[in-house]
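S.K.: The structure file target.tsv (TSV, N, CA and C atoms) is provided below.
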```tsv
chain	number	residue	atom	x	y	z
A	1	MET	N	-2.96	-8.42	-75.32
A	1	MET	CA	-2.81	-7.28	-74.47
A	1	MET	C	-4.17	-6.70	-74.15
A	2	ARG	N	-4.42	-6.50	-72.84
A	2	ARG	CA	-5.70	-5.94	-72.42
A	2	ARG	C	-5.61	-4.43	-72.39
A	3	ARG	N	-6.66	-3.79	-72.73
A	3	ARG	CA	-6.72	-2.33	-72.71
A	3	ARG	C	-7.64	-1.88	-71.59
A	4	ARG	N	-7.36	-0.74	-71.06
A	4	ARG	CA	-8.24	-0.15	-70.05
A	4	ARG	C	-9.44	0.49	-70.74
A	5	PRO	N	-10.55	0.53	-70.04
A	5	PRO	CA	-11.68	1.28	-70.60
A	5	PRO	C	-11.29	2.75	-70.75
A	6	ALA	N	-11.83	3.40	-71.70
A	6	ALA	CA	-11.47	4.78	-72.03
A	6	ALA	C	-11.80	5.75	-70.89
A	7	ASP	N	-12.82	5.43	-70.07
A	7	ASP	CA	-13.21	6.37	-69.04
A	7	ASP	C	-12.34	6.25	-67.77
A	8	ARG	N	-11.43	5.31	-67.72
A	8	ARG	CA	-10.56	5.13	-66.56
A	8	ARG	C	-9.18	5.66	-66.87
A	9	GLN	N	-8.80	6.76	-66.22
A	9	GLN	CA	-7.50	7.38	-66.45
A	9	GLN	C	-6.55	7.02	-65.31
A	10	PRO	N	-5.26	6.85	-65.60
A	10	PRO	CA	-4.30	6.57	-64.53
A	10	PRO	C	-4.16	7.80	-63.61
A	11	VAL	N	-3.87	7.55	-62.35
A	11	VAL	CA	-3.68	8.62	-61.37
A	11	VAL	C	-2.26	9.16	-61.54
A	12	PRO	N	-2.12	10.47	-61.73
A	12	PRO	CA	-0.77	11.03	-61.86
A	12	PRO	C	0.02	10.81	-60.57
A	13	LEU	N	1.32	10.58	-60.70
A	13	LEU	CA	2.18	10.35	-59.54
A	13	LEU	C	2.19	11.52	-58.57
A	14	VAL	N	2.08	12.74	-59.10
A	14	VAL	CA	2.07	13.91	-58.23
A	14	VAL	C	0.88	13.85	-57.28
A	15	ALA	N	-0.27	13.48	-57.77
A	15	ALA	CA	-1.47	13.38	-56.92
A	15	ALA	C	-1.28	12.29	-55.87
A	16	LEU	N	-0.67	11.20	-56.26
A	16	LEU	CA	-0.42	10.11	-55.32
A	16	LEU	C	0.50	10.55	-54.19
A	17	TRP	N	1.60	11.23	-54.51
A	17	TRP	CA	2.54	11.71	-53.49
A	17	TRP	C	1.89	12.76	-52.60
A	18	LEU	N	1.10	13.65	-53.15
A	18	LEU	CA	0.42	14.65	-52.33
A	18	LEU	C	-0.57	13.99	-51.39
A	19	GLY	N	-1.29	12.99	-51.87
A	19	GLY	CA	-2.25	12.27	-51.04
A	19	GLY	C	-1.56	11.56	-49.88
A	20	LEU	N	-0.43	10.94	-50.14
A	20	LEU	CA	0.31	10.28	-49.07
A	20	LEU	C	0.83	11.29	-48.06
A	21	GLY	N	1.24	12.45	-48.54
A	21	GLY	CA	1.72	13.48	-47.64
A	21	GLY	C	0.63	14.02	-46.73
A	22	LEU	N	-0.58	14.13	-47.24
A	22	LEU	CA	-1.69	14.63	-46.43
A	22	LEU	C	-2.24	13.58	-45.49
A	23	LEU	N	-2.25	12.33	-45.92
A	23	LEU	CA	-2.83	11.27	-45.11
A	23	LEU	C	-1.88	10.74	-44.07
A	24	GLY	N	-0.60	10.74	-44.33
A	24	GLY	CA	0.33	10.12	-43.40
A	24	GLY	C	1.53	10.97	-43.06
A	25	PRO	N	1.34	12.15	-42.48
A	25	PRO	CA	2.51	12.97	-42.16
A	25	PRO	C	3.43	12.32	-41.15
A	26	GLY	N	2.93	11.38	-40.34
A	26	GLY	CA	3.77	10.73	-39.36
A	26	GLY	C	4.56	9.56	-39.90
A	27	LEU	N	4.37	9.21	-41.16
A	27	LEU	CA	5.04	8.06	-41.72
A	27	LEU	C	6.55	8.24	-41.82
A	28	LEU	N	7.00	9.47	-41.95
A	28	LEU	CA	8.42	9.70	-42.16
A	28	LEU	C	9.15	10.07	-40.87
A	29	THR	N	8.44	10.12	-39.73
A	29	THR	CA	9.11	10.43	-38.48
A	29	THR	C	9.84	9.21	-37.95
A	30	ALA	N	10.87	9.43	-37.18
A	30	ALA	CA	11.66	8.34	-36.62
A	30	ALA	C	10.86	7.62	-35.52
A	31	PRO	N	10.98	6.30	-35.44
A	31	PRO	CA	10.27	5.58	-34.39
A	31	PRO	C	10.87	5.87	-33.02
A	32	ALA	N	10.05	5.74	-31.99
A	32	ALA	CA	10.54	5.94	-30.63
A	32	ALA	C	11.49	4.81	-30.27
A	33	LEU	N	12.57	5.16	-29.59
A	33	LEU	CA	13.56	4.16	-29.20
A	33	LEU	C	13.51	3.95	-27.70
A	34	ALA	N	13.57	2.70	-27.28
A	34	ALA	CA	13.63	2.38	-25.86
A	34	ALA	C	15.05	2.59	-25.36
A	35	GLU	N	15.16	3.12	-24.14
A	35	GLU	CA	16.46	3.37	-23.53
A	35	GLU	C	16.56	2.62	-22.21
A	36	PRO	N	17.72	2.04	-21.90
A	36	PRO	CA	17.89	1.36	-20.61
A	36	PRO	C	17.74	2.35	-19.46
A	37	VAL	N	17.15	1.88	-18.37
A	37	VAL	CA	16.95	2.73	-17.19
A	37	VAL	C	17.30	1.93	-15.93
A	38	PRO	N	17.57	2.62	-14.82
A	38	PRO	CA	17.89	1.93	-13.56
A	38	PRO	C	16.69	1.15	-13.02
A	39	PHE	N	16.94	-0.01	-12.46
A	39	PHE	CA	15.88	-0.82	-11.88
A	39	PHE	C	16.44	-1.62	-10.72
A	40	SER	N	15.55	-2.22	-9.94
A	40	SER	CA	15.95	-3.02	-8.80
A	40	SER	C	14.99	-4.19	-8.65
A	41	CYS	N	15.54	-5.38	-8.51
A	41	CYS	CA	14.77	-6.60	-8.27
A	41	CYS	C	15.25	-7.13	-6.91
A	42	VAL	N	14.44	-6.94	-5.87
A	42	VAL	CA	14.86	-7.23	-4.50
A	42	VAL	C	14.01	-8.35	-3.91
A	43	ILE	N	14.67	-9.35	-3.34
A	43	ILE	CA	13.97	-10.42	-2.63
A	43	ILE	C	13.64	-9.89	-1.23
A	44	LEU	N	12.36	-9.92	-0.87
A	44	LEU	CA	11.91	-9.38	0.41
A	44	LEU	C	12.12	-10.40	1.53
A	45	PRO	N	12.14	-9.95	2.79
A	45	PRO	CA	12.30	-10.87	3.92
A	45	PRO	C	11.29	-12.02	3.84
A	46	GLY	N	11.75	-13.21	4.11
A	46	GLY	CA	10.92	-14.41	3.97
A	46	GLY	C	11.26	-15.17	2.70
A	47	ASP	N	11.91	-14.49	1.75
A	47	ASP	CA	12.43	-15.10	0.51
A	47	ASP	C	11.38	-15.69	-0.43
A	48	GLU	N	10.12	-15.32	-0.25
A	48	GLU	CA	9.07	-15.85	-1.13
A	48	GLU	C	8.46	-14.80	-2.05
A	49	ILE	N	8.80	-13.52	-1.83
A	49	ILE	CA	8.27	-12.42	-2.64
A	49	ILE	C	9.42	-11.51	-3.06
A	50	ALA	N	9.36	-11.05	-4.31
A	50	ALA	CA	10.34	-10.08	-4.81
A	50	ALA	C	9.61	-8.80	-5.18
A	51	SER	N	10.24	-7.67	-4.94
A	51	SER	CA	9.71	-6.36	-5.30
A	51	SER	C	10.52	-5.81	-6.45
A	52	ILE	N	9.83	-5.33	-7.49
A	52	ILE	CA	10.52	-4.82	-8.68
A	52	ILE	C	10.24	-3.32	-8.77
A	53	THR	N	11.30	-2.50	-8.75
A	53	THR	CA	11.16	-1.05	-8.89
A	53	THR	C	11.96	-0.58	-10.10
A	54	LEU	N	11.58	0.58	-10.60
A	54	LEU	CA	12.21	1.15	-11.79
A	54	LEU	C	12.23	2.66	-11.63
A	55	THR	N	13.28	3.29	-12.15
A	55	THR	CA	13.38	4.76	-12.17
A	55	THR	C	13.38	5.23	-13.61
A	56	ASN	N	12.44	6.12	-13.93
A	56	ASN	CA	12.42	6.72	-15.26
A	56	ASN	C	13.42	7.86	-15.26
A	57	SER	N	14.58	7.62	-15.81
A	57	SER	CA	15.64	8.64	-15.86
A	57	SER	C	15.57	9.50	-17.12
A	58	LEU	N	14.53	9.32	-17.93
A	58	LEU	CA	14.38	10.12	-19.15
A	58	LEU	C	13.82	11.50	-18.82
A	59	ALA	N	13.92	12.41	-19.77
A	59	ALA	CA	13.49	13.79	-19.56
A	59	ALA	C	11.97	13.96	-19.57
A	60	GLY	N	11.23	12.95	-20.00
A	60	GLY	CA	9.77	13.07	-20.05
A	60	GLY	C	9.10	11.80	-19.57
A	61	ASP	N	7.77	11.86	-19.45
A	61	ASP	CA	7.01	10.68	-19.07
A	61	ASP	C	7.27	9.58	-20.08
A	62	ALA	N	7.23	8.32	-19.60
A	62	ALA	CA	7.61	7.21	-20.48
A	62	ALA	C	6.79	5.97	-20.20
A	63	SER	N	6.73	5.11	-21.18
A	63	SER	CA	6.17	3.77	-21.04
A	63	SER	C	7.36	2.86	-20.73
A	64	CYS	N	7.30	2.18	-19.58
A	64	CYS	CA	8.46	1.42	-19.12
A	64	CYS	C	8.13	-0.06	-18.95
A	65	ILE	N	9.15	-0.89	-19.11
A	65	ILE	CA	9.01	-2.33	-18.94
A	65	ILE	C	10.25	-2.86	-18.24
A	66	VAL	N	10.05	-3.78	-17.31
A	66	VAL	CA	11.15	-4.37	-16.56
A	66	VAL	C	10.90	-5.87	-16.45
A	67	THR	N	11.96	-6.65	-16.56
A	67	THR	CA	11.89	-8.11	-16.43
A	67	THR	C	12.95	-8.56	-15.44
A	68	CYS	N	12.55	-9.43	-14.50
A	68	CYS	CA	13.48	-10.00	-13.52
A	68	CYS	C	13.24	-11.51	-13.46
A	69	ARG	N	14.34	-12.26	-13.42
A	69	ARG	CA	14.28	-13.72	-13.28
A	69	ARG	C	15.11	-14.11	-12.06
A	70	PHE	N	14.53	-14.98	-11.23
A	70	PHE	CA	15.16	-15.36	-9.97
A	70	PHE	C	15.48	-16.85	-9.94
A	71	GLN	N	16.49	-17.20	-9.18
A	71	GLN	CA	16.81	-18.60	-8.91
A	71	GLN	C	16.17	-18.95	-7.58
A	72	THR	N	15.62	-20.16	-7.47
A	72	THR	CA	15.03	-20.63	-6.22
A	72	THR	C	15.78	-21.85	-5.71
A	73	THR	N	15.36	-22.34	-4.55
A	73	THR	CA	16.02	-23.52	-3.96
A	73	THR	C	15.63	-24.79	-4.70
A	74	LYS	N	14.55	-24.74	-5.47
A	74	LYS	CA	14.10	-25.92	-6.22
A	74	LYS	C	14.82	-25.96	-7.57
A	75	TYR	N	15.32	-27.14	-7.97
A	75	TYR	CA	16.03	-27.30	-9.23
A	75	TYR	C	15.15	-26.87	-10.41
A	76	ASN	N	15.71	-26.09	-11.30
A	76	ASN	CA	15.08	-25.66	-12.55
A	76	ASN	C	13.79	-24.88	-12.34
A	77	ASN	N	13.67	-24.20	-11.21
A	77	ASN	CA	12.54	-23.31	-10.96
A	77	ASN	C	13.09	-21.90	-10.92
A	78	ASN	N	12.90	-21.16	-12.00
A	78	ASN	CA	13.42	-19.80	-12.13
A	78	ASN	C	12.27	-18.86	-12.49
A	79	PRO	N	11.48	-18.47	-11.48
A	79	PRO	CA	10.34	-17.59	-11.79
A	79	PRO	C	10.80	-16.27	-12.40
A	80	GLN	N	10.00	-15.82	-13.36
A	80	GLN	CA	10.29	-14.56	-14.04
A	80	GLN	C	9.04	-13.71	-14.01
A	81	ILE	N	9.25	-12.42	-13.89
A	81	ILE	CA	8.13	-11.49	-13.96
A	81	ILE	C	8.50	-10.35	-14.89
A	82	THR	N	7.52	-9.93	-15.68
A	82	THR	CA	7.68	-8.77	-16.56
A	82	THR	C	6.53	-7.82	-16.25
A	83	CYS	N	6.85	-6.57	-15.97
A	83	CYS	CA	5.85	-5.56	-15.64
A	83	CYS	C	6.01	-4.39	-16.60
A	84	ALA	N	4.90	-3.77	-16.95
A	84	ALA	CA	4.94	-2.60	-17.83
A	84	ALA	C	3.87	-1.61	-17.41
A	85	LYS	N	4.23	-0.34	-17.40
A	85	LYS	CA	3.26	0.72	-17.14
A	85	LYS	C	3.91	2.07	-17.39
A	86	PRO	N	3.10	3.12	-17.50
A	86	PRO	CA	3.67	4.46	-17.67
A	86	PRO	C	4.29	4.94	-16.36
A	87	VAL	N	5.43	5.65	-16.48
A	87	VAL	CA	6.13	6.17	-15.31
A	87	VAL	C	6.46	7.64	-15.57
A	88	PRO	N	6.10	8.52	-14.63
A	88	PRO	CA	6.42	9.94	-14.80
A	88	PRO	C	7.93	10.19	-14.85
A	89	ALA	N	8.33	11.26	-15.49
A	89	ALA	CA	9.75	11.61	-15.62
A	89	ALA	C	10.40	11.76	-14.26
A	90	GLY	N	11.58	11.16	-14.10
A	90	GLY	CA	12.36	11.31	-12.89
A	90	GLY	C	11.84	10.58	-11.68
A	91	LYS	N	10.81	9.77	-11.80
A	91	LYS	CA	10.21	9.10	-10.65
A	91	LYS	C	10.67	7.65	-10.54
A	92	GLU	N	10.79	7.19	-9.27
A	92	GLU	CA	11.02	5.77	-9.01
A	92	GLU	C	9.68	5.20	-8.55
A	93	VAL	N	9.25	4.09	-9.16
A	93	VAL	CA	7.98	3.47	-8.80
A	93	VAL	C	8.15	1.97	-8.62
A	94	GLN	N	7.30	1.41	-7.77
A	94	GLN	CA	7.25	-0.04	-7.68
A	94	GLN	C	6.41	-0.51	-8.85
A	95	MET	N	6.99	-1.32	-9.70
A	95	MET	CA	6.30	-1.79	-10.89
A	95	MET	C	5.38	-2.96	-10.55
A	96	CYS	N	5.86	-3.91	-9.73
A	96	CYS	CA	5.05	-5.08	-9.38
A	96	CYS	C	5.78	-5.92	-8.34
A	97	ARG	N	5.12	-7.00	-7.93
A	97	ARG	CA	5.72	-7.98	-7.00
A	97	ARG	C	5.55	-9.37	-7.61
A	98	LEU	N	6.45	-10.27	-7.24
A	98	LEU	CA	6.43	-11.64	-7.75
A	98	LEU	C	6.56	-12.60	-6.57
A	99	THR	N	5.71	-13.63	-6.57
A	99	THR	CA	5.88	-14.69	-5.57
A	99	THR	C	6.64	-15.84	-6.21
A	100	SER	N	7.36	-16.59	-5.39
A	100	SER	CA	8.17	-17.70	-5.91
A	100	SER	C	7.29	-18.86	-6.36
A	101	GLY	N	6.11	-18.99	-5.79
A	101	GLY	CA	5.19	-20.07	-6.17
A	101	GLY	C	5.52	-21.36	-5.45
A	102	GLY	N	4.49	-22.00	-4.93
A	102	GLY	CA	4.66	-23.31	-4.31
A	102	GLY	C	5.44	-23.28	-3.01
A	103	GLY	N	5.53	-22.13	-2.34
A	103	GLY	CA	6.25	-22.05	-1.09
A	103	GLY	C	7.76	-22.17	-1.23
A	104	ASP	N	8.26	-22.12	-2.43
A	104	ASP	CA	9.69	-22.21	-2.68
A	104	ASP	C	10.37	-20.90	-2.29
A	105	LYS	N	11.61	-20.96	-1.86
A	105	LYS	CA	12.38	-19.78	-1.45
A	105	LYS	C	13.22	-19.26	-2.62
A	106	MET	N	13.22	-17.94	-2.81
A	106	MET	CA	14.10	-17.32	-3.81
A	106	MET	C	15.50	-17.21	-3.22
A	107	VAL	N	16.51	-17.46	-4.05
A	107	VAL	CA	17.89	-17.44	-3.60
A	107	VAL	C	18.61	-16.19	-4.10
A	108	LYS	N	18.50	-15.90	-5.40
A	108	LYS	CA	19.20	-14.74	-5.96
A	108	LYS	C	18.59	-14.34	-7.29
A	109	LEU	N	18.92	-13.13	-7.70
A	109	LEU	CA	18.52	-12.62	-9.01
A	109	LEU	C	19.42	-13.26	-10.05
A	110	ARG	N	18.82	-13.89	-11.06
A	110	ARG	CA	19.61	-14.50	-12.15
A	110	ARG	C	19.89	-13.49	-13.24
A	111	GLU	N	18.86	-12.74	-13.64
A	111	GLU	CA	19.03	-11.74	-14.69
A	111	GLU	C	17.88	-10.75	-14.65
A	112	GLY	N	18.11	-9.60	-15.24
A	112	GLY	CA	17.06	-8.60	-15.32
A	112	GLY	C	17.44	-7.49	-16.29
A	113	HIS	N	16.45	-6.79	-16.77
A	113	HIS	CA	16.68	-5.62	-17.62
A	113	HIS	C	15.44	-4.74	-17.59
A	114	ALA	N	15.65	-3.46	-17.87
A	114	ALA	CA	14.55	-2.50	-17.88
A	114	ALA	C	14.82	-1.45	-18.94
A	115	GLU	N	13.73	-0.96	-19.53
A	115	GLU	CA	13.86	0.11	-20.53
A	115	GLU	C	12.59	0.93	-20.56
A	116	CYS	N	12.74	2.17	-20.99
A	116	CYS	CA	11.61	3.09	-21.11
A	116	CYS	C	11.61	3.72	-22.50
A	117	THR	N	10.42	3.98	-22.98
A	117	THR	CA	10.23	4.69	-24.25
A	117	THR	C	9.44	5.95	-23.95
A	118	ARG	N	9.99	7.07	-24.30
A	118	ARG	CA	9.35	8.35	-24.01
A	118	ARG	C	7.99	8.43	-24.69
A	119	LEU	N	6.99	8.88	-23.94
A	119	LEU	CA	5.64	9.05	-24.47
A	119	LEU	C	5.56	10.33	-25.28
A	120	PRO	N	4.77	10.34	-26.35
A	120	PRO	CA	4.61	11.58	-27.12
A	120	PRO	C	3.89	12.62	-26.28
A	121	ARG	N	4.23	13.86	-26.48
A	121	ARG	CA	3.57	14.95	-25.76
A	121	ARG	C	2.14	15.11	-26.26
A	122	ALA	N	1.26	15.41	-25.34
A	122	ALA	CA	-0.15	15.62	-25.69
A	122	ALA	C	-0.30	16.91	-26.45
A	123	VAL	N	-1.13	16.89	-27.50
A	123	VAL	CA	-1.39	18.08	-28.30
A	123	VAL	C	-2.67	18.71	-27.77
A	124	ASN	N	-2.58	20.00	-27.41
A	124	ASN	CA	-3.77	20.70	-26.87
A	124	ASN	C	-4.52	21.39	-27.95
```
Turn this file's structure into structure tokens for me.
M.R.:
Amino acid sequence: MRRRPADRQPVPLVALWLGLGLLGPGLLTAPALAEPVPFSCVILPGDEIASITLTNSLAGDASCIVTCRFQTTKYNNNPQITCAKPVPAGKEVQMCRLTSGGGDKMVKLREGHAECTRLPRAVN
């Protein structure tokens, strides 16, 4: 059995808990949850470009992400785009545009989803 040197004392648990409380007050807060929001993936005239828009329906500014996948006239060519950026509360914004690539025509939206996570309020 090994012994500790006499000059090294164990740290009391109370000091450890107080230290954690002072260093990490945010550790016990709930994580931000992403919520589904309205979005639109529209094939523009000419069928080679799609426009992706999103509406932040949350009560505050949010970090938003949207993904759209399209079917094209070429077999097994399903271009997908994912866009992310901050969106002000209650605003609809164009997130990005996607080209079909290789002059291929887009036929229809295969799948899509969008969600926003509310941004923390700035502390003044």
S.K.: For each of A:Glu115, A:Lys85, A:Cys41, A:Lys105, take the minimum atom-to-atom distance to Cys68 in chain A, counting only N, CA and C atoms, then give the residue where this is smallest.
M.R.: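 Comparing A:Glu115, A:Lys85, A:Cys41, A:Lys105 against Cys68 in chain A, the winner is A:Cys41.
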S.K.: Please measure the separation of atom N of Cys116 in chain A and atom C of Ser57 in chain A, giving the value in Å to one decimal.
M.R.: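 Taking atom N of Cys116 in chain A as the start and atom C of Ser57 in chain A as the end point, the length is 8.8 Å.
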S.K.: Which one of A:Ala84, A:Ala114, A:Cys64, A:Leu109 sits closest to Ala50 in chain A if you count only C-alpha atoms?
M.R.: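 Looking at the shortest contact to Ala50 in chain A, the residue is A:Leu109.
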S.K.: Quick one, how far is CA of Asn56 in chain A from CA of Arg69 in chain A?
M.R.: 20.6 Å
S.K.: Would you mind telling me which residue in A:Val37, A:Val107, A:Leu119, A:Ala59 lies nearest to Thr73 in chain A when using only C-alpha atoms?
M.R.: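 Answer, going by the shortest atom-to-atom distance: A:Val107.
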S.K.: Counting all atoms listed in the file, which of A:Phe70, A:Thr117, A:Gly102, A:Ile52 gets nearest to Leu33 in chain A?
M.R.: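 For Leu33 in chain A, the nearest of the given residues is A:Thr117.
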S.K.: Between atom N of Glu92 in chain A and atom N of Ile65 in chain A, what distance in Å does the model show, to one decimal?
M.R.: 12.8 Å
S.K.: Near range 53-55 of chain A, counting all atoms listed in the file, which residues have an atom at most 6 Å away, once you skip same-chain residues fewer than 4 positions from it, shown as a PDB file with N, CA and C atoms, in the coordinates of the input?
M.R.:
```
ATOM      1  N   VAL A  37      17.150   1.880 -18.370  1.00  0.00           N
ATOM      2  CA  VAL A  37      16.950   2.730 -17.190  1.00  0.00           C
ATOM      3  C   VAL A  37      17.300   1.930 -15.930  1.00  0.00           C
ATOM      4  N   PRO A  38      17.570   2.620 -14.820  1.00  0.00           N
ATOM      5  CA  PRO A  38      17.890   1.930 -13.560  1.00  0.00           C
ATOM      6  C   PRO A  38      16.690   1.150 -13.020  1.00  0.00           C
ATOM      7  N   PHE A  39      16.940  -0.010 -12.460  1.00  0.00           N
ATOM      8  CA  PHE A  39      15.880  -0.820 -11.880  1.00  0.00           C
ATOM      9  C   PHE A  39      16.440  -1.620 -10.720  1.00  0.00           C
ATOM     10  N   SER A  40      15.550  -2.220  -9.940  1.00  0.00           N
ATOM     11  CA  SER A  40      15.950  -3.020  -8.800  1.00  0.00           C
ATOM     12  C   SER A  40      14.990  -4.190  -8.650  1.00  0.00           C
ATOM     13  N   CYS A  41      15.540  -5.380  -8.510  1.00  0.00           N
ATOM     14  CA  CYS A  41      14.770  -6.600  -8.270  1.00  0.00           C
ATOM     15  C   CYS A  41      15.250  -7.130  -6.910  1.00  0.00           C
ATOM     16  N   GLY A  90      11.580  11.160 -14.100  1.00  0.00           N
ATOM     17  CA  GLY A  90      12.360  11.310 -12.890  1.00  0.00           C
ATOM     18  C   GLY A  90      11.840  10.580 -11.680  1.00  0.00           C
ATOM     19  N   LYS A  91      10.810   9.770 -11.800  1.00  0.00           N
ATOM     20  CA  LYS A  91      10.210   9.100 -10.650  1.00  0.00           C
ATOM     21  C   LYS A  91      10.670   7.650 -10.540  1.00  0.00           C
ATOM     22  N   GLU A  92      10.790   7.190  -9.270  1.00  0.00           N
ATOM     23  CA  GLU A  92      11.020   5.770  -9.010  1.00  0.00           C
ATOM     24  C   GLU A  92       9.680   5.200  -8.550  1.00  0.00           C
ATOM     25  N   VAL A  93       9.250   4.090  -9.160  1.00  0.00           N
ATOM     26  CA  VAL A  93       7.980   3.470  -8.800  1.00  0.00           C
ATOM     27  C   VAL A  93       8.150   1.970  -8.620  1.00  0.00           C
ATOM     28  N   GLN A  94       7.300   1.410  -7.770  1.00  0.00           N
ATOM     29  CA  GLN A  94       7.250  -0.040  -7.680  1.00  0.00           C
ATOM     30  C   GLN A  94       6.410  -0.510  -8.850  1.00  0.00           C
ATOM     31  N   MET A  95       6.990  -1.320  -9.700  1.00  0.00           N
ATOM     32  CA  MET A  95       6.300  -1.790 -10.890  1.00  0.00           C
ATOM     33  C   MET A  95       5.380  -2.960 -10.550  1.00  0.00           C
ATOM     34  N   CYS A  96       5.860  -3.910  -9.730  1.00  0.00           N
ATOM     35  CA  CYS A  96       5.050  -5.080  -9.380  1.00  0.00           C
ATOM     36  C   CYS A  96       5.780  -5.920  -8.340  1.00  0.00           C
TER      37      CYS A  96
END
```
S.K.: Of the candidates A:Arg121, A:Met106, A:Ile81, A:His113, which shows the shortest atom-to-atom distance to Ile43 in chain A, using all atoms listed in the file?
M.R.: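 Using all atoms listed in the file, Ile43 in chain A sits closest to A:Met106.
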S.K.: With only C-alpha atoms as the basis for distance, which of A:Arg110, A:Thr82, A:Thr72, A:Asn77 is at the shortest distance from Leu98 in chain A?
M.R.: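 Nearest to Leu98 in chain A: A:Thr82.
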S.K.: So which bits of range 52-120 of chain A end up strand (DSSP E) when you DSSP the backbone, as a ChimeraX atom specification?
M.R.: /A:52-55,62-72,80-87,92-99,106-118
S.K.: Just so I have it separately, write range 64-99 of chain A from the block I sent, keeping C-alpha atoms, as a CSV table (one decimal), in the first residue's frame.
M.R.:
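Output below, filename decode34.csv:
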```csv
chain,number,residue,atom,x,y,z
A,64,CYS,CA,-31.3,28.1,-38.7
A,65,ILE,CA,-30.5,25.2,-41.0
A,66,VAL,CA,-32.4,23.9,-44.0
A,67,THR,CA,-31.8,20.9,-46.3
A,68,CYS,CA,-33.5,20.2,-49.6
A,69,ARG,CA,-32.9,17.2,-52.0
A,70,PHE,CA,-34.2,17.2,-55.5
A,71,GLN,CA,-34.8,14.6,-58.2
A,72,THR,CA,-33.4,15.3,-61.7
A,73,THR,CA,-34.0,13.9,-65.1
A,74,LYS,CA,-30.7,12.0,-64.9
A,75,TYR,CA,-30.9,8.6,-63.1
A,76,ASN,CA,-29.5,8.6,-59.6
A,77,ASN,CA,-28.7,12.3,-59.6
A,78,ASN,CA,-30.3,13.8,-56.5
A,79,PRO,CA,-28.6,17.1,-55.7
A,80,GLN,CA,-28.9,18.2,-52.1
A,81,ILE,CA,-28.1,21.5,-50.5
A,82,THR,CA,-27.8,22.4,-46.8
A,83,CYS,CA,-27.7,26.0,-45.8
A,84,ALA,CA,-27.2,27.5,-42.3
A,85,LYS,CA,-27.2,31.1,-41.0
A,86,PRO,CA,-28.7,33.3,-38.3
A,87,VAL,CA,-32.3,34.5,-39.1
A,88,PRO,CA,-34.1,37.4,-37.2
A,89,ALA,CA,-37.3,36.5,-35.4
A,90,GLY,CA,-40.4,36.4,-37.6
A,91,LYS,CA,-38.4,36.9,-40.8
A,92,GLU,CA,-38.5,35.0,-44.1
A,93,VAL,CA,-35.1,34.9,-45.8
A,94,GLN,CA,-33.6,33.3,-48.8
A,95,MET,CA,-31.0,30.9,-47.3
A,96,CYS,CA,-29.3,29.8,-50.6
A,97,ARG,CA,-29.6,28.6,-54.1
A,98,LEU,CA,-28.6,25.3,-55.7
A,99,THR,CA,-27.8,24.4,-59.3
```
